[in-house]
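Here is structure37.cif, consisting of mmCIF, C-alpha atoms and all ligand atoms:
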```cif
data_upload
loop_
_atom_site.group_PDB
_atom_site.id
_atom_site.type_symbol
_atom_site.label_atom_id
_atom_site.label_comp_id
_atom_site.auth_asym_id
_atom_site.auth_seq_id
_atom_site.Cartn_x
_atom_site.Cartn_y
_atom_site.Cartn_z
ATOM 1 C CA MET R 1 44.800 42.663 -60.171
ATOM 2 C CA ASN R 2 47.510 43.702 -57.801
ATOM 3 C CA ASN R 3 45.476 46.719 -56.868
ATOM 4 C CA GLN R 4 42.481 44.556 -56.186
ATOM 5 C CA ILE R 5 44.575 42.282 -53.991
ATOM 6 C CA SER R 6 46.033 45.168 -52.141
ATOM 7 C CA LEU R 7 42.565 46.668 -51.729
ATOM 8 C CA CYS R 8 41.384 43.383 -50.359
ATOM 9 C CA ARG R 9 44.385 43.245 -48.109
ATOM 10 C CA ILE R 10 43.586 46.704 -46.852
ATOM 11 C CA GLN R 11 39.955 45.827 -46.275
ATOM 12 C CA LEU R 12 40.604 42.469 -44.714
ATOM 13 C CA PRO R 13 41.805 43.600 -41.287
ATOM 14 C CA GLN R 14 38.662 45.704 -40.892
ATOM 15 C CA GLU R 15 36.195 43.036 -41.915
ATOM 16 C CA SER R 16 38.060 39.817 -41.190
ATOM 17 C CA ALA R 17 36.130 36.714 -40.397
ATOM 18 C CA ILE R 18 37.160 37.011 -36.749
ATOM 19 C CA THR R 19 35.955 40.595 -36.572
ATOM 20 C CA VAL R 20 32.648 39.604 -38.105
ATOM 21 C CA ILE R 21 32.296 36.671 -35.741
ATOM 22 C CA LEU R 22 33.206 38.846 -32.772
ATOM 23 C CA LYS R 23 30.773 41.482 -33.933
ATOM 24 C CA GLU R 24 28.046 38.926 -34.504
ATOM 25 C CA ASN R 25 28.876 37.261 -31.245
ATOM 26 C CA HIS R 26 28.667 40.578 -29.477
ATOM 27 C CA PHE R 27 25.424 41.299 -31.286
ATOM 28 C CA TYR R 28 23.978 37.925 -30.348
ATOM 29 C CA GLN R 29 25.281 38.310 -26.788
ATOM 30 C CA TYR R 30 23.624 41.682 -26.640
ATOM 31 C CA ARG R 31 20.403 40.292 -28.109
ATOM 32 C CA LEU R 32 20.560 37.351 -25.720
ATOM 33 C CA ASN R 33 21.017 39.665 -22.749
ATOM 34 C CA GLN R 34 18.091 41.757 -23.891
ATOM 35 C CA GLU R 35 15.929 38.668 -24.445
ATOM 36 C CA MET R 36 17.008 37.216 -21.102
ATOM 37 C CA LYS R 37 16.089 40.466 -19.399
ATOM 38 C CA LYS R 38 12.719 40.469 -21.143
ATOM 39 C CA PHE R 39 12.210 36.817 -20.271
ATOM 40 C CA LEU R 40 13.136 37.383 -16.621
ATOM 41 C CA LEU R 41 10.837 40.398 -16.442
ATOM 42 C CA LEU R 42 8.055 38.361 -18.020
ATOM 43 C CA MET R 43 8.657 35.452 -15.623
ATOM 44 C CA THR R 44 8.702 37.805 -12.653
ATOM 45 C CA SER R 45 5.462 39.401 -13.745
ATOM 46 C CA VAL R 46 3.859 35.999 -14.456
ATOM 47 C CA ILE R 47 4.991 34.611 -11.094
ATOM 48 C CA GLY R 48 3.974 37.855 -9.406
ATOM 49 C CA SER R 49 0.582 37.873 -11.071
ATOM 50 C CA TYR R 50 0.138 34.166 -10.508
ATOM 51 C CA CYS R 51 0.962 34.553 -6.826
ATOM 52 C CA PHE R 52 -1.357 37.461 -6.375
ATOM 53 C CA ASN R 53 -4.084 36.907 -8.939
ATOM 54 C CA PRO R 54 -4.119 33.321 -10.231
ATOM 55 C CA ASN R 55 -7.560 33.802 -11.857
ATOM 56 C CA ASP R 56 -5.762 35.452 -14.794
ATOM 57 C CA TYR R 57 -3.763 32.298 -15.485
ATOM 58 C CA VAL R 58 -5.568 29.280 -14.065
ATOM 59 C CA THR R 59 -9.039 28.098 -14.952
ATOM 60 C CA ILE R 60 -10.416 25.118 -13.064
ATOM 61 C CA PRO R 61 -14.144 24.416 -13.511
ATOM 62 C CA PHE R 62 -16.217 25.710 -10.575
ATOM 63 C CA LEU R 63 -13.108 26.502 -8.535
ATOM 64 C CA LYS R 64 -12.389 30.107 -7.614
ATOM 65 C CA PHE R 65 -9.168 31.659 -6.399
ATOM 66 C CA PRO R 66 -9.134 34.881 -4.406
ATOM 67 C CA ASP R 67 -7.902 38.011 -6.185
ATOM 68 C CA SER R 68 -4.788 37.721 -4.089
ATOM 69 C CA LEU R 69 -3.190 34.573 -2.743
ATOM 70 C CA SER R 70 -1.842 36.671 0.136
ATOM 71 C CA TYR R 71 -5.254 36.110 1.732
ATOM 72 C CA ASN R 72 -6.118 32.524 1.033
ATOM 73 C CA VAL R 73 -5.476 29.757 -1.467
ATOM 74 C CA LEU R 74 -9.157 29.385 -2.431
ATOM 75 C CA GLU R 75 -12.194 31.613 -2.439
ATOM 76 C CA ILE R 76 -15.217 29.978 -0.836
ATOM 77 C CA ASN R 77 -18.428 31.948 -0.319
ATOM 78 C CA SER R 78 -21.191 29.357 -0.223
ATOM 79 C CA ILE R 79 -21.953 25.749 0.672
ATOM 80 C CA PHE R 80 -21.802 24.872 -3.034
ATOM 81 C CA GLU R 81 -18.314 26.381 -3.401
ATOM 82 C CA TYR R 82 -17.297 24.643 -0.173
ATOM 83 C CA LEU R 83 -18.355 21.249 -1.544
ATOM 84 C CA ILE R 84 -16.601 21.904 -4.871
ATOM 85 C CA ALA R 85 -13.430 22.908 -3.003
ATOM 86 C CA CYS R 86 -13.719 19.701 -0.904
ATOM 87 C CA VAL R 87 -13.906 17.639 -4.112
ATOM 88 C CA TYR R 88 -10.792 19.253 -5.588
ATOM 89 C CA ILE R 89 -8.785 19.198 -2.345
ATOM 90 C CA GLY R 90 -9.940 15.595 -1.860
ATOM 91 C CA LEU R 91 -8.870 14.583 -5.377
ATOM 92 C CA PHE R 92 -5.499 16.184 -4.879
ATOM 93 C CA TYR R 93 -4.866 14.828 -1.393
ATOM 94 C CA TYR R 94 -6.165 11.285 -2.002
ATOM 95 C CA SER R 95 -4.089 11.062 -5.217
ATOM 96 C CA MET R 96 -0.998 12.159 -3.354
ATOM 97 C CA TYR R 97 -1.713 9.763 -0.464
ATOM 98 C CA PHE R 98 -2.238 6.777 -2.777
ATOM 99 C CA CYS R 99 0.595 7.520 -5.222
ATOM 100 C CA ILE R 100 3.333 8.102 -2.633
ATOM 101 C CA SER R 101 2.178 5.361 -0.254
ATOM 102 C CA HIS R 102 1.803 2.883 -3.079
ATOM 103 C CA ILE R 103 5.295 3.558 -4.441
ATOM 104 C CA LEU R 104 6.703 3.176 -0.915
ATOM 105 C CA VAL R 105 4.785 -0.044 -0.210
ATOM 106 C CA TRP R 106 5.658 -1.493 -3.630
ATOM 107 C CA SER R 107 9.367 -0.694 -3.303
ATOM 108 C CA HIS R 108 9.653 -1.765 0.356
ATOM 109 C CA PRO R 109 11.942 -4.762 0.946
ATOM 110 C CA ALA R 110 9.451 -6.360 3.397
ATOM 111 C CA PRO R 111 8.092 -9.569 1.808
ATOM 112 C CA LYS R 112 4.506 -9.188 0.562
ATOM 113 C CA THR R 113 3.127 -11.937 2.795
ATOM 114 C CA PRO R 114 -0.679 -12.350 3.150
ATOM 115 C CA ASP R 115 -0.447 -10.774 6.647
ATOM 116 C CA ARG R 116 1.488 -7.768 5.352
ATOM 117 C CA ILE R 117 -0.979 -7.284 2.474
ATOM 118 C CA ALA R 118 -3.919 -7.533 4.901
ATOM 119 C CA GLN R 119 -2.256 -4.940 7.163
ATOM 120 C CA THR R 120 -1.666 -2.570 4.232
ATOM 121 C CA ARG R 121 -5.352 -2.913 3.251
ATOM 122 C CA GLU R 122 -6.445 -2.112 6.803
ATOM 123 C CA GLU R 123 -4.117 0.929 6.961
ATOM 124 C CA MET R 124 -5.547 2.086 3.634
ATOM 125 C CA ARG R 125 -9.162 1.626 4.794
ATOM 126 C CA ARG R 126 -8.582 3.623 7.973
ATOM 127 C CA GLY R 127 -6.554 6.230 6.063
ATOM 128 C CA ILE R 128 -9.349 6.790 3.525
ATOM 129 C CA LYS R 129 -11.873 7.234 6.351
ATOM 130 C CA ALA R 130 -9.712 9.649 8.378
ATOM 131 C CA LEU R 131 -8.757 11.690 5.300
ATOM 132 C CA PHE R 132 -12.428 12.246 4.481
ATOM 133 C CA TYR R 133 -12.867 14.200 7.754
ATOM 134 C CA VAL R 134 -9.454 15.877 7.359
ATOM 135 C CA ILE R 135 -10.486 17.273 3.953
ATOM 136 C CA LEU R 136 -13.859 18.496 5.268
ATOM 137 C CA LEU R 137 -12.188 20.322 8.165
ATOM 138 C CA THR R 138 -9.253 21.693 6.145
ATOM 139 C CA THR R 139 -11.630 23.197 3.578
ATOM 140 C CA GLY R 140 -13.874 24.471 6.380
ATOM 141 C CA ILE R 141 -10.919 26.212 8.054
ATOM 142 C CA ILE R 142 -9.893 27.804 4.721
ATOM 143 C CA TRP R 143 -13.474 29.062 4.310
ATOM 144 C CA LYS R 144 -14.546 30.140 7.787
ATOM 145 C CA VAL R 145 -11.575 30.277 10.145
ATOM 146 C CA GLN R 146 -8.709 31.763 8.149
ATOM 147 C CA PRO R 147 -10.563 35.081 7.510
ATOM 148 C CA LEU R 148 -10.638 35.495 11.325
ATOM 149 C CA ASN R 149 -6.877 35.000 11.553
ATOM 150 C CA PRO R 150 -5.094 38.179 12.772
ATOM 151 C CA TYR R 151 -2.480 37.600 10.041
ATOM 152 C CA TYR R 152 -5.093 37.159 7.270
ATOM 153 C CA GLY R 153 -3.749 38.987 4.193
ATOM 154 C CA TYR R 154 -0.555 39.957 6.025
ATOM 155 C CA TYR R 155 1.518 39.826 2.830
ATOM 156 C CA GLU R 156 -0.951 42.065 1.033
ATOM 157 C CA THR R 157 0.029 44.997 3.230
ATOM 158 C CA HIS R 158 3.560 44.072 4.239
ATOM 159 C CA GLY R 159 5.551 44.592 1.061
ATOM 160 C CA ILE R 160 4.181 42.390 -1.706
ATOM 161 C CA TRP R 161 7.292 42.572 -3.824
ATOM 162 C CA ILE R 162 9.830 42.485 -1.071
ATOM 163 C CA GLU R 163 8.364 40.079 1.442
ATOM 164 C CA GLY R 164 5.866 38.293 -0.787
ATOM 165 C CA ILE R 165 8.139 37.420 -3.679
ATOM 166 C CA LEU R 166 11.251 36.967 -1.576
ATOM 167 C CA HIS R 167 9.181 34.623 0.505
ATOM 168 C CA PHE R 168 9.347 32.204 -2.426
ATOM 169 C CA THR R 169 12.834 32.996 -3.614
ATOM 170 C CA SER R 170 14.962 33.522 -0.546
ATOM 171 C CA ARG R 171 16.164 30.185 0.758
ATOM 172 C CA VAL R 172 17.223 31.726 4.051
ATOM 173 C CA GLN R 173 13.780 33.167 4.598
ATOM 174 C CA GLN R 174 12.048 29.939 3.607
ATOM 175 C CA TYR R 175 14.280 28.071 6.025
ATOM 176 C CA TYR R 176 13.361 30.553 8.751
ATOM 177 C CA TYR R 177 9.616 30.153 8.053
ATOM 178 C CA ALA R 178 9.926 26.382 7.813
ATOM 179 C CA GLN R 179 11.576 26.400 11.252
ATOM 180 C CA ARG R 180 8.692 28.398 12.764
ATOM 181 C CA TYR R 181 6.184 26.015 11.212
ATOM 182 C CA MET R 182 8.054 22.901 12.281
ATOM 183 C CA LEU R 183 8.624 24.062 15.862
ATOM 184 C CA THR R 184 5.008 25.096 16.470
ATOM 185 C CA PHE R 185 3.624 21.967 14.827
ATOM 186 C CA ASP R 186 6.081 19.827 16.774
ATOM 187 C CA VAL R 187 5.032 21.296 20.151
ATOM 188 C CA TRP R 188 1.353 20.788 19.265
ATOM 189 C CA PHE R 189 1.861 17.269 17.949
ATOM 190 C CA TYR R 190 4.031 16.256 20.906
ATOM 191 C CA THR R 191 1.552 17.553 23.512
ATOM 192 C CA SER R 192 -1.470 15.960 21.845
ATOM 193 C CA HIS R 193 0.471 12.742 21.293
ATOM 194 C CA ILE R 194 1.490 12.498 24.987
ATOM 195 C CA ILE R 195 -2.182 13.065 25.917
ATOM 196 C CA GLY R 196 -3.068 10.340 23.388
ATOM 197 C CA HIS R 197 -0.971 7.918 25.431
ATOM 198 C CA THR R 198 -3.001 8.467 28.645
ATOM 199 C CA PRO R 199 -5.315 5.497 29.382
ATOM 200 C CA PHE R 200 -8.615 7.178 28.379
ATOM 201 C CA PHE R 201 -7.420 8.603 25.069
ATOM 202 C CA TRP R 202 -5.374 5.490 24.335
ATOM 203 C CA LYS R 203 -8.497 3.355 24.656
ATOM 204 C CA HIS R 204 -10.777 5.642 22.642
ATOM 205 C CA LEU R 205 -8.417 7.326 20.146
ATOM 206 C CA HIS R 206 -4.708 6.738 19.853
ATOM 207 C CA GLY R 207 -4.595 2.960 20.464
ATOM 208 C CA GLU R 208 -6.116 2.506 16.991
ATOM 209 C CA HIS R 209 -2.966 3.850 15.340
ATOM 210 C CA HIS R 210 -0.722 1.652 17.501
ATOM 211 C CA GLU R 211 -2.339 -1.551 16.287
ATOM 212 C CA PHE R 212 0.307 -1.351 13.568
ATOM 213 C CA VAL R 213 3.481 -2.335 15.390
ATOM 214 C CA GLU R 214 5.439 -2.339 12.166
ATOM 215 C CA PRO R 215 3.579 0.222 10.063
ATOM 216 C CA GLY R 216 3.724 0.925 6.352
ATOM 217 C CA ALA R 217 3.407 4.251 4.510
ATOM 218 C CA TYR R 218 -0.421 4.079 4.453
ATOM 219 C CA ALA R 219 -0.439 4.100 8.285
ATOM 220 C CA GLN R 220 0.314 7.831 8.232
ATOM 221 C CA ASP R 221 -3.422 8.549 8.125
ATOM 222 C CA ALA R 222 -4.591 5.288 9.687
ATOM 223 C CA VAL R 223 -5.725 7.019 12.860
ATOM 224 C CA HIS R 224 -9.023 7.725 14.587
ATOM 225 C CA PRO R 225 -10.788 10.575 12.692
ATOM 226 C CA ILE R 226 -10.763 12.857 15.774
ATOM 227 C CA GLU R 227 -7.033 12.317 16.214
ATOM 228 C CA ALA R 228 -6.542 12.924 12.489
ATOM 229 C CA LEU R 229 -8.252 16.317 12.847
ATOM 230 C CA ILE R 230 -6.250 17.323 15.946
ATOM 231 C CA GLN R 231 -2.876 16.298 14.580
ATOM 232 C CA GLY R 232 -3.648 17.173 10.961
ATOM 233 C CA PRO R 233 -5.546 20.369 10.050
ATOM 234 C CA ILE R 234 -5.518 21.906 13.558
ATOM 235 C CA GLY R 235 -1.769 21.372 13.912
ATOM 236 C CA HIS R 236 -1.236 22.625 10.369
ATOM 237 C CA PHE R 237 -3.195 25.877 10.792
ATOM 238 C CA LEU R 238 -2.126 26.633 14.372
ATOM 239 C CA PRO R 239 1.251 28.210 13.391
ATOM 240 C CA THR R 240 -0.566 30.729 11.154
ATOM 241 C CA PHE R 241 -2.222 32.208 14.261
ATOM 242 C CA ILE R 242 1.153 32.739 15.928
ATOM 243 C CA TYR R 243 3.289 33.931 12.972
ATOM 244 C CA PRO R 244 2.425 35.330 9.562
ATOM 245 C CA PHE R 245 2.808 32.801 6.742
ATOM 246 C CA HIS R 246 2.140 33.301 3.075
ATOM 247 C CA PRO R 247 -0.811 30.928 2.416
ATOM 248 C CA VAL R 248 0.917 29.241 -0.551
ATOM 249 C CA CYS R 249 4.096 28.695 1.417
ATOM 250 C CA HIS R 250 2.088 27.440 4.405
ATOM 251 C CA HIS R 251 0.260 24.814 2.337
ATOM 252 C CA VAL R 252 3.518 23.708 0.713
ATOM 253 C CA PHE R 253 4.866 23.093 4.241
ATOM 254 C CA GLY R 254 1.727 21.068 4.990
ATOM 255 C CA LEU R 255 2.214 18.884 1.912
ATOM 256 C CA LEU R 256 5.880 18.325 2.714
ATOM 257 C CA THR R 257 4.965 17.384 6.302
ATOM 258 C CA SER R 258 2.449 14.894 4.996
ATOM 259 C CA ILE R 259 5.016 13.299 2.652
ATOM 260 C CA TYR R 260 7.539 13.267 5.499
ATOM 261 C CA ALA R 261 5.017 11.424 7.710
ATOM 262 C CA GLN R 262 4.468 8.815 4.980
ATOM 263 C CA LEU R 263 8.229 8.271 4.749
ATOM 264 C CA ALA R 264 8.494 8.064 8.556
ATOM 265 C CA HIS R 265 5.872 5.286 8.643
ATOM 266 C CA ASP R 266 7.574 3.511 5.750
ATOM 267 C CA GLY R 267 10.604 3.370 8.047
ATOM 268 C CA ARG R 268 13.455 3.508 5.531
ATOM 269 C CA TRP R 269 13.946 7.256 5.994
ATOM 270 C CA ASP R 270 12.800 8.040 9.516
ATOM 271 C CA PRO R 271 15.058 10.698 11.100
ATOM 272 C CA ALA R 272 12.900 11.148 14.228
ATOM 273 C CA GLY R 273 12.551 7.374 14.774
ATOM 274 C CA HIS R 274 8.750 7.097 14.494
ATOM 275 C CA THR R 275 8.965 3.374 13.731
ATOM 276 C CA LEU R 276 10.723 3.005 17.109
ATOM 277 C CA HIS R 277 7.732 4.775 18.696
ATOM 278 C CA HIS R 278 5.412 2.173 17.146
ATOM 279 C CA TYR R 279 7.595 -0.603 18.579
ATOM 280 C CA TYR R 280 8.473 0.718 22.078
ATOM 281 C CA TYR R 281 5.400 2.991 22.625
ATOM 282 C CA SER R 282 7.120 5.224 25.214
ATOM 283 C CA CYS R 283 9.738 7.138 23.236
ATOM 284 C CA ASN R 284 9.934 9.404 20.150
ATOM 285 C CA PHE R 285 6.612 11.222 20.494
ATOM 286 C CA SER R 286 7.355 14.239 18.316
ATOM 287 C CA ILE R 287 7.300 14.642 14.542
ATOM 288 C CA TRP R 288 10.743 16.096 13.988
ATOM 289 C CA GLY R 289 12.290 15.111 17.300
ATOM 290 C CA PHE R 290 12.649 18.667 18.715
ATOM 291 C CA CYS R 291 10.427 18.106 21.763
ATOM 292 C CA ASP R 292 11.824 14.634 22.401
ATOM 293 C CA PHE R 293 15.270 16.195 22.513
ATOM 294 C CA ILE R 294 14.145 18.976 24.898
ATOM 295 C CA PHE R 295 12.138 16.729 27.252
ATOM 296 C CA GLY R 296 14.427 13.703 27.081
ATOM 297 C CA THR R 297 11.814 11.344 25.658
ATOM 298 C CA GLY R 298 13.847 10.361 22.616
ATOM 299 C CA TYR R 299 14.989 6.789 22.081
ATOM 300 C CA ASN R 300 18.230 5.812 23.792
ATOM 301 C CA GLN R 301 19.858 2.433 23.884
ATOM 302 C CA GLU R 302 20.420 2.409 27.670
ATOM 303 C CA LYS R 303 16.674 2.640 28.272
ATOM 304 C CA TYR R 304 15.846 0.110 25.575
ATOM 305 C CA PRO R 305 18.721 -2.401 25.538
ATOM 306 C CA ILE R 306 16.901 -4.879 23.253
ATOM 307 C CA PRO R 307 17.455 -3.393 19.808
ATOM 308 C CA TYR R 308 14.533 -3.175 17.431
ATOM 309 C CA ILE R 309 15.109 -5.002 14.182
ATOM 310 C CA PRO R 310 12.259 -4.872 11.649
ATOM 311 C CA THR R 311 10.857 -8.308 10.777
ATOM 312 C CA TRP R 312 11.999 -8.006 7.162
ATOM 313 C CA LEU R 313 15.563 -7.425 8.371
ATOM 314 C CA ARG R 314 15.575 -10.183 11.006
ATOM 315 C CA SER R 315 16.116 -13.056 8.557
ATOM 316 C CA LYS R 316 19.100 -11.193 7.063
ATOM 317 C CA VAL R 317 20.540 -10.445 10.538
ATOM 318 C CA ASN R 318 20.078 -14.108 11.601
ATOM 319 C CA LYS R 319 21.733 -15.270 8.377
ATOM 320 C CA SER R 320 24.769 -13.066 8.913
ATOM 321 C CA LYS R 321 24.958 -14.199 12.592
ATOM 322 C CA ASN R 322 24.942 -17.848 11.508
ATOM 323 C CA GLU R 323 27.642 -17.143 8.960
ATOM 324 C CA ASP R 324 29.727 -15.447 11.671
ATOM 325 C CA LYS R 325 29.331 -18.539 13.900
ATOM 326 C CA LYS R 326 30.455 -20.822 11.067
ATOM 327 C CA ILE R 327 33.551 -18.707 10.544
ATOM 328 C CA MET R 328 34.341 -18.777 14.314
HETATM 329 ZN ZN ZN Y 401 1.777 7.063 19.901
HETATM 330 ZN ZN ZN Y 402 2.529 6.467 13.578
#
```
Write-out of the structure in structure tokens:
Amino acid sequence: MNNQISLCRIQLPQESAITVILKENHFYQYRLNQEMKKFLLLMTSVIGSYCFNPNDYVTIPFLKFPDSLSYNVLEINSIFEYLIACVYIGLFYYSMYFCISHILVWSHPAPKTPDRIAQTREEMRRGIKALFYVILLTTGIIWKVQPLNPYYGYYETHGIWIEGILHFTSRVQQYYYAQRYMLTFDVWFYTSHIIGHTPFFWKHLHGEHHEFVEPGAYAQDAVHPIEALIQGPIGHFLPTFIYPFHPVCHHVFGLLTSIYAQLAHDGRWDPAGHTLHHYYYSCNFSIWGFCDFIFGTGYNQEKYPIPYIPTWLRSKVNKSKNEDKKIM
């Protein structure tokens, strides 16, 4: 008995519970590291393959992707494929337009008066019409114009793994590309917008958008179709002719710009003061405010001493003024 105990005592330090746990822990840690490595390798290969050959992973009826997304986001070779691509792009873009705008309109503090509802309907009607042409042109540019781009397939031959993958992962690089996109788009938008304010173009094109003095989110696309094409797809694709962009990254920038424009028309988050442009007409012409800053056309209180207060805020402001008077 004593021997057994002593034997146990001798064995215990070697195989104590802590040792076993530590061993197991080490084993599991090791296994976890191995599995994590495998998982990361798998993810990298899936992302890599997805980015460069999505046909292996995505099946959408009648819709074809190119063998490599470094060239284009869709493969279109015939009128039939063009129409199919228009349907899918249309479904995606209209859904996004309606969902985001509707959430913004629904959650907006402006009272849903009959006039406001009628305005929202009119913005929606014009938006639907303009977007129809925007989708036709966007798909047409993807099909016919992008293959003529000097940077077409740039990331296929300029380091797929280094530039292509880092393009998605490196925040610094994405920031740098976003800046290029924003600056070029801003210059284009600003110039075309200033031209839109000249008497001829105001009468025939841009005036239509300014009928909404206090716009809602749907007003983002409530513009004349020709203006929608100039400031939409043409402005969106123009930067790709000046700098190389990965097509996926480029379209993500386009979507973000579109959401940003909806927010700017909603007015609650409007860093470049677009709602002030709708009210005063002669300031804040650019999308992100870069050109307004450079050319001094941004809103300033000295130029416009009467402050703009949205209608839905006026009653609150008047209330607080009356309360202040009572206190005095
Ligand atoms: Zn304008
Ligand atoms: Zn506007």
So what do you get for atom CA of Ser258 of chain R versus atom CA of Ile100 of chain R, distance-wise? 10.3 Å
List as a ChimeraX atom specification the protein and nucleic acid residues lying within 8 Å of ligand ZN 402 (chain Y), with all atoms listed in the file counted. /R:209-210,215,219-220,264-265,274-275,277-278
What are the nearest atom pairs, with distances in Å to one decimal, for all residues of chain R that come at most 9 Å from ligand ZN 401 (chain Y), using only C-alpha atoms and all ligand atoms, set out by chain and rising residue number as a tab-separated table?
```
residue	atom	partner	partner_atom	distance
R:His193	CA	Y:ZN401	ZN	6.0
R:Ile194	CA	Y:ZN401	ZN	7.4
R:Gly196	CA	Y:ZN401	ZN	6.8
R:His197	CA	Y:ZN401	ZN	6.2
R:Trp202	CA	Y:ZN401	ZN	8.6
R:His206	CA	Y:ZN401	ZN	6.5
R:Gly207	CA	Y:ZN401	ZN	7.6
R:His209	CA	Y:ZN401	ZN	7.3
R:His210	CA	Y:ZN401	ZN	6.4
R:His274	CA	Y:ZN401	ZN	8.8
R:His277	CA	Y:ZN401	ZN	6.5
R:His278	CA	Y:ZN401	ZN	6.7
R:Tyr281	CA	Y:ZN401	ZN	6.1
R:Ser282	CA	Y:ZN401	ZN	7.8
R:Cys283	CA	Y:ZN401	ZN	8.6
R:Asn284	CA	Y:ZN401	ZN	8.5
R:Phe285	CA	Y:ZN401	ZN	6.4
```
Expected file: the selected residues, C-alpha atoms, as a PDB file, in the coordinates of the input:
```pdb
ATOM      1  CA  HIS R 193       0.471  12.742  21.293  1.00  0.00           C
ATOM      2  CA  ILE R 194       1.490  12.498  24.987  1.00  0.00           C
ATOM      3  CA  GLY R 196      -3.068  10.340  23.388  1.00  0.00           C
ATOM      4  CA  HIS R 197      -0.971   7.918  25.431  1.00  0.00           C
ATOM      5  CA  TRP R 202      -5.374   5.490  24.335  1.00  0.00           C
ATOM      6  CA  HIS R 206      -4.708   6.738  19.853  1.00  0.00           C
ATOM      7  CA  GLY R 207      -4.595   2.960  20.464  1.00  0.00           C
ATOM      8  CA  HIS R 209      -2.966   3.850  15.340  1.00  0.00           C
ATOM      9  CA  HIS R 210      -0.722   1.652  17.501  1.00  0.00           C
ATOM     10  CA  HIS R 274       8.750   7.097  14.494  1.00  0.00           C
ATOM     11  CA  HIS R 277       7.732   4.775  18.696  1.00  0.00           C
ATOM     12  CA  HIS R 278       5.412   2.173  17.146  1.00  0.00           C
ATOM     13  CA  TYR R 281       5.400   2.991  22.625  1.00  0.00           C
ATOM     14  CA  SER R 282       7.120   5.224  25.214  1.00  0.00           C
ATOM     15  CA  CYS R 283       9.738   7.138  23.236  1.00  0.00           C
ATOM     16  CA  ASN R 284       9.934   9.404  20.150  1.00  0.00           C
ATOM     17  CA  PHE R 285       6.612  11.222  20.494  1.00  0.00           C
TER      18      PHE R 285
END
```
Can you work out which one of R:Phe80, R:Phe212, R:Trp143, R:Tyr260 has the shortest atom-to-atom distance to Asp115 of chain R, counting all atoms listed in the file?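 Of the candidates, the smallest distance to Asp115 of chain R is held by R:Phe212.
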Gap from atom CA of Leu131 of chain R to atom CA of Thr257 of chain R - Å, one decimal: 14.9 Å
Residue nearest Asp186 of chain R - candidates R:Ile294, R:Val105, R:Ala222, R:Ile60, atoms counted: all atoms listed in the file: R:Ile294
Point-to-point distance from atom CA of Ile230 of chain R to atom CA of Pro271 of chain R, Å rounded to tenths: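 Interatomic distance here is 22.8 Å.
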Listed atoms of segment 258-268 of chain R boxed axis-aligned with 6 Å per side, centre + edges as AutoDock Vina command-line options:
```
--center_x 8.0 --center_y 9.1 --center_z 5.6 --size_x 23.0 --size_y 23.5 --size_z 18.0
```
Please provide as a VMD selection string all residues within 12 Å of Leu91 of chain R, with the sequence filter that same-chain residues fewer than 5 positions apart are discarded (counting only C-alpha atoms). chain R and resid 84 to 86 96 to 99 128 131 to 132 135
Contacts of segment 232-280 of chain R with segment 295-315 of chain R up to 9 Å, shortest pair per row, only C-alpha atoms, as JSON lines:
```
{"residue": "R:Ala272", "atom": "CA", "partner": "R:Gly298", "partner_atom": "CA", "distance": 8.5}
{"residue": "R:Gly273", "atom": "CA", "partner": "R:Tyr299", "partner_atom": "CA", "distance": 7.7}
{"residue": "R:Leu276", "atom": "CA", "partner": "R:Tyr308", "partner_atom": "CA", "distance": 7.3}
{"residue": "R:His277", "atom": "CA", "partner": "R:Tyr299", "partner_atom": "CA", "distance": 8.3}
{"residue": "R:Tyr279", "atom": "CA", "partner": "R:Tyr308", "partner_atom": "CA", "distance": 7.5}
{"residue": "R:Tyr280", "atom": "CA", "partner": "R:Tyr304", "partner_atom": "CA", "distance": 8.2}
```
The selected residues should be written to file as a compact mmCIF listing (two decimals), keeping the file's coordinate frame (atoms: C-alpha atoms).
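The resulting file, result20.txt, is reproduced below:
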```txt
# COMPACT_ATOMS: atom_id res chain seq x y z
CA ALA R 272 12.90 11.15 14.23
CA GLY R 273 12.55 7.37 14.77
CA LEU R 276 10.72 3.00 17.11
CA HIS R 277 7.73 4.78 18.70
CA TYR R 279 7.60 -0.60 18.58
CA TYR R 280 8.47 0.72 22.08
```
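Residues matched by the PyMOL selection byres (((chain R and resi 240-255) around 8) and not hetatm) in this file are Leu69, Ser70, Tyr71, Asn72, Val73, Asn149, Pro150, Tyr151, Tyr154, Tyr155, Gly164, His167, Phe168, Tyr177, Ala178, Arg180, Tyr181, His236, Phe237, Leu238, Pro239, Leu256, Thr257, Ser258 and Ile259 of chain R.
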On this structure, the PyMOL selection byres (((chain R and resi 62) around 12) and not hetatm) would catch which residues? List them as a tab-separated table (two decimals) with C-alpha atoms, keeping the file's coordinate frame, sorted by chain and number.
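Done, and the output landed in part-v5.tsv:
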```tsv
chain	number	residue	atom	x	y	z
R	55	ASN	CA	-7.56	33.80	-11.86
R	58	VAL	CA	-5.57	29.28	-14.06
R	59	THR	CA	-9.04	28.10	-14.95
R	60	ILE	CA	-10.42	25.12	-13.06
R	61	PRO	CA	-14.14	24.42	-13.51
R	63	LEU	CA	-13.11	26.50	-8.54
R	64	LYS	CA	-12.39	30.11	-7.61
R	65	PHE	CA	-9.17	31.66	-6.40
R	74	LEU	CA	-9.16	29.38	-2.43
R	75	GLU	CA	-12.19	31.61	-2.44
R	76	ILE	CA	-15.22	29.98	-0.84
R	80	PHE	CA	-21.80	24.87	-3.03
R	81	GLU	CA	-18.31	26.38	-3.40
R	82	TYR	CA	-17.30	24.64	-0.17
R	83	LEU	CA	-18.36	21.25	-1.54
R	84	ILE	CA	-16.60	21.90	-4.87
R	85	ALA	CA	-13.43	22.91	-3.00
R	86	CYS	CA	-13.72	19.70	-0.90
R	87	VAL	CA	-13.91	17.64	-4.11
R	88	TYR	CA	-10.79	19.25	-5.59
```
